[in-house]
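Shown here: run_20.tsv, TSV, C-alpha atoms and all ligand atoms.
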chain	number	residue	atom	x	y	z
O	947	MET	CA	-8.95	4.39	-2.12
O	948	LYS	CA	-8.24	4.31	-5.83
O	949	LYS	CA	-6.38	1.29	-7.16
O	950	ASP	CA	-4.86	0.75	-10.60
O	951	VAL	CA	-3.53	-2.60	-11.75
O	952	TYR	CA	-0.96	-3.12	-14.49
O	953	ILE	CA	0.84	-6.08	-15.97
O	954	THR	CA	4.37	-5.59	-17.25
O	955	LYS	CA	6.15	-8.18	-19.37
O	956	SER	CA	9.73	-7.00	-19.07
O	957	GLU	CA	12.06	-4.94	-16.92
O	958	LYS	CA	11.81	-2.22	-19.56
O	959	GLU	CA	8.02	-2.05	-19.26
O	960	THR	CA	8.28	-1.71	-15.49
O	961	ILE	CA	10.75	1.16	-15.91
O	962	SER	CA	8.34	2.83	-18.35
O	963	LEU	CA	5.46	2.40	-15.92
O	964	GLY	CA	7.56	3.97	-13.18
O	965	ALA	CA	8.41	6.92	-15.42
O	966	GLU	CA	4.73	7.40	-16.27
O	967	PHE	CA	3.69	7.11	-12.62
O	968	ALA	CA	6.27	9.79	-11.68
O	969	GLU	CA	4.08	12.37	-13.43
O	970	ARG	CA	1.59	12.00	-10.58
O	971	LEU	CA	4.13	12.80	-7.87
O	972	THR	CA	4.32	16.14	-6.13
O	973	LEU	CA	6.74	17.44	-3.50
O	974	GLY	CA	6.38	15.80	-0.12
O	975	ASP	CA	4.97	12.55	-1.47
O	976	VAL	CA	5.89	9.25	0.15
O	977	VAL	CA	5.72	6.11	-2.01
O	978	SER	CA	5.96	2.69	-0.38
O	979	PHE	CA	7.06	-0.44	-2.27
O	980	THR	CA	6.11	-3.95	-1.30
O	981	GLY	CA	7.06	-7.15	-3.09
O	982	ASP	CA	9.43	-10.10	-2.83
O	983	LEU	CA	13.17	-9.97	-3.47
O	984	GLY	CA	13.65	-9.40	-7.19
O	985	ALA	CA	10.05	-8.32	-7.72
O	986	GLY	CA	11.08	-5.14	-9.50
O	987	LYS	CA	10.79	-2.42	-6.87
O	988	THR	CA	14.15	-0.92	-7.78
O	989	GLU	CA	13.38	-1.15	-11.53
O	990	PHE	CA	10.15	0.79	-10.98
O	991	ILE	CA	12.12	3.38	-8.97
O	992	LYS	CA	14.65	3.64	-11.82
O	993	GLY	CA	11.74	4.69	-14.02
O	994	ILE	CA	10.62	7.35	-11.52
O	995	CYS	CA	14.18	8.68	-11.36
O	996	LEU	CA	14.43	8.71	-15.15
O	997	ASN	CA	11.41	10.98	-15.28
O	998	PHE	CA	13.12	13.34	-12.81
O	999	LYS	CA	16.33	13.27	-14.91
O	1000	VAL	CA	18.40	11.79	-12.08
O	1001	GLN	CA	22.01	11.34	-13.25
O	1002	GLU	CA	23.25	9.17	-10.37
O	1003	ILE	CA	23.12	5.39	-10.62
O	1004	VAL	CA	19.89	4.17	-9.07
O	1005	SER	CA	20.32	0.94	-7.12
O	1006	SER	CA	18.92	-0.57	-3.95
O	1007	PRO	CA	20.66	1.28	-1.10
O	1008	THR	CA	20.98	-2.00	0.75
O	1009	PHE	CA	23.85	-1.20	3.09
O	1010	THR	CA	23.45	2.53	3.46
O	1011	ILE	CA	19.64	2.17	3.76
O	1012	MET	CA	19.15	5.65	2.30
O	1013	ASN	CA	20.30	7.24	-0.97
O	1014	LEU	CA	19.69	10.82	-1.99
O	1015	TYR	CA	19.45	11.70	-5.67
O	1016	ASN	CA	19.36	15.10	-7.34
O	1017	GLY	CA	16.44	15.22	-9.69
O	1018	GLU	CA	14.76	18.00	-11.59
O	1019	ARG	CA	11.41	18.91	-13.06
O	1020	LYS	CA	10.80	21.94	-15.23
O	1021	ASN	CA	14.20	23.33	-14.20
O	1022	ASP	CA	13.40	23.06	-10.48
O	1023	ASP	CA	15.79	20.92	-8.42
O	1024	ILE	CA	14.01	18.03	-6.72
O	1025	SER	CA	15.58	15.84	-4.06
O	1026	ILE	CA	14.60	12.20	-4.15
O	1027	TYR	CA	15.23	9.92	-1.20
O	1028	HIS	CA	15.49	6.21	-1.96
O	1029	LEU	CA	15.26	4.01	1.11
O	1030	ASP	CA	15.51	0.26	1.39
O	1031	LEU	CA	14.53	-1.07	4.79
O	1032	TYR	CA	15.24	-4.73	4.01
O	1033	ARG	CA	18.21	-4.87	6.36
O	1034	LEU	CA	16.54	-2.97	9.16
O	1035	ASN	CA	16.82	-5.10	12.29
O	1036	SER	CA	14.57	-3.05	14.48
O	1037	THR	CA	12.41	0.03	14.06
O	1038	ASN	CA	14.64	1.65	16.71
O	1039	GLU	CA	17.26	2.02	13.98
O	1040	LEU	CA	14.95	4.39	12.09
O	1041	ALA	CA	15.80	7.28	14.40
O	1042	GLU	CA	19.53	6.79	13.63
O	1043	ILE	CA	18.98	7.22	9.91
O	1044	GLY	CA	16.80	10.29	10.38
O	1045	PHE	CA	13.71	8.51	9.10
O	1046	ASP	CA	11.15	11.01	10.42
O	1047	GLU	CA	13.05	14.02	9.09
O	1048	CYS	CA	13.08	12.32	5.72
O	1049	VAL	CA	9.47	11.08	5.62
O	1050	TYR	CA	7.95	14.38	6.74
O	1051	ASP	CA	10.19	16.54	4.54
O	1052	GLU	CA	7.80	18.47	2.30
O	1053	LYS	CA	10.50	19.52	-0.14
O	1054	SER	CA	11.45	16.11	-1.46
O	1055	ILE	CA	10.03	12.89	-2.84
O	1056	LYS	CA	10.50	9.72	-0.81
O	1057	LEU	CA	10.60	6.20	-2.27
O	1058	ILE	CA	10.72	3.39	0.31
O	1059	GLU	CA	11.44	-0.25	-0.53
O	1060	TRP	CA	10.42	-2.82	2.06
O	1061	ALA	CA	8.33	-0.10	3.67
O	1062	GLU	CA	6.43	-2.67	5.74
O	1063	LYS	CA	9.57	-3.09	7.88
O	1064	ALA	CA	8.91	0.36	9.36
O	1065	GLY	CA	5.59	-0.90	10.74
O	1066	THR	CA	3.58	1.81	12.44
O	1067	LYS	CA	6.58	4.19	12.31
O	1068	LEU	CA	5.57	4.91	8.74
O	1069	ASP	CA	2.22	6.64	9.05
O	1070	LYS	CA	2.39	8.88	6.01
O	1071	VAL	CA	2.08	7.07	2.68
O	1072	ASP	CA	0.65	8.77	-0.39
O	1073	TYR	CA	1.02	5.93	-2.90
O	1074	LYS	CA	1.50	2.27	-2.22
O	1075	ILE	CA	3.03	0.10	-4.95
O	1076	VAL	CA	2.68	-3.67	-4.63
O	1077	ILE	CA	4.53	-5.87	-7.11
O	1078	HIS	CA	3.68	-9.55	-7.58
O	1079	LEU	CA	5.79	-12.14	-9.38
O	1080	ASN	CA	4.06	-14.49	-11.78
O	1081	ASP	CA	4.26	-18.29	-11.52
O	1082	GLU	CA	3.85	-18.86	-15.25
O	1083	ASP	CA	6.31	-16.38	-16.70
O	1084	GLU	CA	9.42	-15.16	-14.89
O	1085	ASP	CA	9.30	-11.82	-16.72
O	1086	TYR	CA	5.68	-10.98	-15.91
O	1087	ARG	CA	4.79	-8.74	-13.01
O	1088	THR	CA	1.43	-7.59	-11.68
O	1089	ILE	CA	1.80	-4.09	-10.30
O	1090	GLU	CA	-0.87	-2.53	-8.11
O	1091	ILE	CA	-0.80	1.20	-7.47
O	1092	PHE	CA	-2.91	2.39	-4.56
O	1093	ASN	CA	-3.59	6.09	-4.33
O	1094	LEU	CA	-4.00	6.80	-0.63
O	1095	LYS	CA	-4.31	10.54	-1.18
O	1096	GLU	CA	-7.80	10.05	-2.56
O	1097	ASN	CA	-8.90	9.02	0.94
O	1098	GLU	CA	-8.54	12.61	2.04
O	1099	ASN	CA	-11.18	13.71	-0.46
O	1100	ASN	CA	-13.74	11.00	0.24
O	1201	LIG	N1	8.49	-7.30	-15.73
O	1201	LIG	C1	9.59	-7.06	-14.98
O	1201	LIG	N2	9.65	-5.95	-14.22
O	1201	LIG	C2	10.72	-5.70	-13.43
O	1201	LIG	N3	11.81	-6.50	-13.35
O	1201	LIG	C3	11.81	-7.61	-14.10
O	1201	LIG	C4	10.71	-7.93	-14.94
O	1201	LIG	N4	11.00	-9.11	-15.58
O	1201	LIG	C5	12.21	-9.49	-15.13
O	1201	LIG	N5	12.70	-8.60	-14.24
O	1201	LIG	C6	14.00	-8.74	-13.52
O	1201	LIG	O1	13.70	-8.86	-12.14
O	1201	LIG	C7	14.69	-8.19	-11.37
O	1201	LIG	C8	14.06	-7.11	-10.50
O	1201	LIG	O2	15.04	-6.61	-9.65
O	1201	LIG	P1	14.85	-5.40	-8.65
O	1201	LIG	O3	16.22	-5.10	-8.13
O	1201	LIG	O4	14.10	-4.30	-9.28
O	1201	LIG	O5	13.97	-6.08	-7.52
O	1201	LIG	P2	13.60	-5.51	-6.09
O	1201	LIG	O6	12.15	-5.72	-5.93
O	1201	LIG	O7	14.12	-4.14	-5.94
O	1201	LIG	O8	14.38	-6.51	-5.13
O	1201	LIG	P3	15.06	-6.27	-3.70
O	1201	LIG	O9	14.01	-6.54	-2.67
O	1201	LIG	O10	16.15	-7.30	-3.65
O	1201	LIG	O11	15.58	-4.86	-3.63
O	1201	LIG	C9	15.69	-7.61	-12.35
O	1201	LIG	O12	16.76	-8.51	-12.48
O	1201	LIG	C10	14.90	-7.54	-13.65
O	1201	LIG	O13	15.71	-7.66	-14.79
O	1202	MG	MG	15.45	-3.23	-4.64

Could the structure of this file be written out as structure tokens, please?
Amino acid sequence: MKKDVYITKSEKETISLGAEFAERLTLGDVVSFTGDLGAGKTEFIKGICLNFKVQEIVSSPTFTIMNLYNGERKNDDISIYHLDLYRLNSTNELAEIGFDECVYDEKSIKLIEWAEKAGTKLDKVDYKIVIHLNDEDEDYRTIEIFNLKENENN
């Protein structure tokens, strides 16, 4: 598994990192996000969406659990699902929101905050993003990007 580690010093830098990371994404990819409340998962996702020229407001879909944005790349329309499982009470609720249909959809990109809440129900992850807060500076974040696709080639 390939792992890259970055340090960002502001919200803006995290958005830029997300936009840069988006270049790696291809249709069907699932990206999981792990990190405490306020870590910067949604900011990173804003950067990804910026790269895909999403016009809708990108925010944590806390109550709806799932947002769908219309993105584009090289004039092709690209659907981006933004999920936030923080308020998921039980993995049984995943069926109600059409989780499997979303995760296995090969024609869209899927970004999942609090992905760990899905437990073993989430068995397809292509990139895992882990964001750590910093004790010394409230604006510093350590961001780990795991490329799980590389496993397939090793
Ligand atoms: N380096 C940084 N990167 C990202 N956000 C930062 C950074 N420094 C400060 N912040 C602030 O931290 C907050 C991150 O909020 P964000 O909504 O992205 O967190 P989250 O991980 O999605 O939280 P939640 O689990 O509640 O959805 C924002 O208020 C942002 O301004
Ligand atoms: Mg969020």

Would you mind listing what lies within 8 Å of Phe998 of chain O as number ranges by chain, with only C-alpha atoms counted and same-chain residues fewer than 2 positions away left out? O: 968, 994-996, 1000, 1017-1019, 1024

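Atom pair atom CA of Phe1092 of chain O / atom CA of Tyr952 of chain O: separated by 11.5 Å.
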
Which protein, DNA or RNA residues have an atom within 7 Å of ligand MG 1202 (chain O), counting all atoms listed in the file, as a list in words?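 What falls inside 7 Å of ligand MG 1202 (chain O) is Gly984, Gly986, Lys987, Thr988, Ser1005, Ser1006, Asp1030 and Glu1059 of chain O.
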
Surrounding residues as a PyMOL selection string, ligand LIG 1201 (chain O), max 9 Å, only C-alpha atoms and all ligand atoms: chain O and resi 953-961+979-992+1005-1008+1030+1032+1059-1060+1077+1079+1083-1089

So that I can see what lies close to Leu1040 of chain O, please list as a list of chain:residue names the residues with an atom at most 10 Å from it, counting all atoms listed in the file and leaving out residues fewer than 5 positions away in the same chain.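 Returned residues: O:Ile1011, O:Leu1031, O:Leu1034, O:Asn1035, O:Phe1045, O:Asp1046, O:Ala1064, O:Lys1067, O:Leu1068.
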
Can you rebuild segment 988-1011 of chain O with N, CA and C atoms and give it as a PDB file, keeping the file's coordinate frame?
ATOM      1  N   THR O 988      13.086  -1.844  -7.376  1.00  0.00           N
ATOM      2  CA  THR O 988      14.150  -0.920  -7.780  1.00  0.00           C
ATOM      3  C   THR O 988      14.009  -0.533  -9.264  1.00  0.00           C
ATOM      4  N   GLU O 989      13.575  -1.470 -10.100  1.00  0.00           N
ATOM      5  CA  GLU O 989      13.380  -1.150 -11.530  1.00  0.00           C
ATOM      6  C   GLU O 989      12.309  -0.063 -11.672  1.00  0.00           C
ATOM      7  N   PHE O 990      11.233  -0.206 -10.938  1.00  0.00           N
ATOM      8  CA  PHE O 990      10.150   0.790 -10.980  1.00  0.00           C
ATOM      9  C   PHE O 990      10.711   2.159 -10.542  1.00  0.00           C
ATOM     10  N   ILE O 991      11.526   2.140  -9.494  1.00  0.00           N
ATOM     11  CA  ILE O 991      12.120   3.380  -8.970  1.00  0.00           C
ATOM     12  C   ILE O 991      13.089   3.985  -9.997  1.00  0.00           C
ATOM     13  N   LYS O 992      13.781   3.131 -10.751  1.00  0.00           N
ATOM     14  CA  LYS O 992      14.650   3.640 -11.820  1.00  0.00           C
ATOM     15  C   LYS O 992      13.829   4.457 -12.814  1.00  0.00           C
ATOM     16  N   GLY O 993      12.624   3.974 -13.093  1.00  0.00           N
ATOM     17  CA  GLY O 993      11.740   4.690 -14.020  1.00  0.00           C
ATOM     18  C   GLY O 993      11.325   6.044 -13.454  1.00  0.00           C
ATOM     19  N   ILE O 994      10.987   6.073 -12.172  1.00  0.00           N
ATOM     20  CA  ILE O 994      10.620   7.350 -11.520  1.00  0.00           C
ATOM     21  C   ILE O 994      11.795   8.321 -11.653  1.00  0.00           C
ATOM     22  N   CYS O 995      12.985   7.821 -11.348  1.00  0.00           N
ATOM     23  CA  CYS O 995      14.180   8.680 -11.360  1.00  0.00           C
ATOM     24  C   CYS O 995      14.514   9.155 -12.775  1.00  0.00           C
ATOM     25  N   LEU O 996      14.219   8.331 -13.748  1.00  0.00           N
ATOM     26  CA  LEU O 996      14.430   8.710 -15.150  1.00  0.00           C
ATOM     27  C   LEU O 996      13.576   9.922 -15.481  1.00  0.00           C
ATOM     28  N   ASN O 997      12.331   9.873 -15.035  1.00  0.00           N
ATOM     29  CA  ASN O 997      11.410  10.980 -15.280  1.00  0.00           C
ATOM     30  C   ASN O 997      11.927  12.278 -14.649  1.00  0.00           C
ATOM     31  N   PHE O 998      12.586  12.157 -13.496  1.00  0.00           N
ATOM     32  CA  PHE O 998      13.120  13.340 -12.810  1.00  0.00           C
ATOM     33  C   PHE O 998      14.568  13.641 -13.245  1.00  0.00           C
ATOM     34  N   LYS O 999      14.998  13.012 -14.322  1.00  0.00           N
ATOM     35  CA  LYS O 999      16.330  13.270 -14.910  1.00  0.00           C
ATOM     36  C   LYS O 999      17.466  13.079 -13.916  1.00  0.00           C
ATOM     37  N   VAL O1000      17.332  12.092 -13.037  1.00  0.00           N
ATOM     38  CA  VAL O1000      18.400  11.790 -12.080  1.00  0.00           C
ATOM     39  C   VAL O1000      19.606  11.248 -12.847  1.00  0.00           C
ATOM     40  N   GLN O1001      20.787  11.774 -12.553  1.00  0.00           N
ATOM     41  CA  GLN O1001      22.010  11.340 -13.250  1.00  0.00           C
ATOM     42  C   GLN O1001      22.751  10.238 -12.495  1.00  0.00           C
ATOM     43  N   GLU O1002      22.550  10.180 -11.168  1.00  0.00           N
ATOM     44  CA  GLU O1002      23.250   9.170 -10.370  1.00  0.00           C
ATOM     45  C   GLU O1002      22.732   7.776 -10.726  1.00  0.00           C
ATOM     46  N   ILE O1003      23.549   6.780 -10.401  1.00  0.00           N
ATOM     47  CA  ILE O1003      23.120   5.390 -10.620  1.00  0.00           C
ATOM     48  C   ILE O1003      22.090   5.046  -9.551  1.00  0.00           C
ATOM     49  N   VAL O1004      20.953   4.541  -9.987  1.00  0.00           N
ATOM     50  CA  VAL O1004      19.890   4.170  -9.070  1.00  0.00           C
ATOM     51  C   VAL O1004      19.992   2.686  -8.770  1.00  0.00           C
ATOM     52  N   SER O1005      20.268   2.345  -7.512  1.00  0.00           N
ATOM     53  CA  SER O1005      20.320   0.940  -7.120  1.00  0.00           C
ATOM     54  C   SER O1005      19.816   0.830  -5.698  1.00  0.00           C
ATOM     55  N   SER O1006      19.434  -0.377  -5.309  1.00  0.00           N
ATOM     56  CA  SER O1006      18.920  -0.570  -3.950  1.00  0.00           C
ATOM     57  C   SER O1006      19.976  -0.148  -2.939  1.00  0.00           C
ATOM     58  N   PRO O1007      19.673   0.819  -2.084  1.00  0.00           N
ATOM     59  CA  PRO O1007      20.660   1.280  -1.100  1.00  0.00           C
ATOM     60  C   PRO O1007      20.743   0.314   0.075  1.00  0.00           C
ATOM     61  N   THR O1008      21.075  -0.929  -0.234  1.00  0.00           N
ATOM     62  CA  THR O1008      20.980  -2.000   0.750  1.00  0.00           C
ATOM     63  C   THR O1008      21.788  -1.762   2.025  1.00  0.00           C
ATOM     64  N   PHE O1009      23.033  -1.337   1.884  1.00  0.00           N
ATOM     65  CA  PHE O1009      23.850  -1.200   3.090  1.00  0.00           C
ATOM     66  C   PHE O1009      23.723   0.176   3.733  1.00  0.00           C
ATOM     67  N   THR O1010      23.558   1.188   2.900  1.00  0.00           N
ATOM     68  CA  THR O1010      23.450   2.530   3.460  1.00  0.00           C
ATOM     69  C   THR O1010      22.029   2.833   3.928  1.00  0.00           C
ATOM     70  N   ILE O1011      21.062   2.005   3.460  1.00  0.00           N
ATOM     71  CA  ILE O1011      19.640   2.170   3.760  1.00  0.00           C
ATOM     72  C   ILE O1011      19.018   3.372   3.048  1.00  0.00           C
TER      73      ILE O1011
END
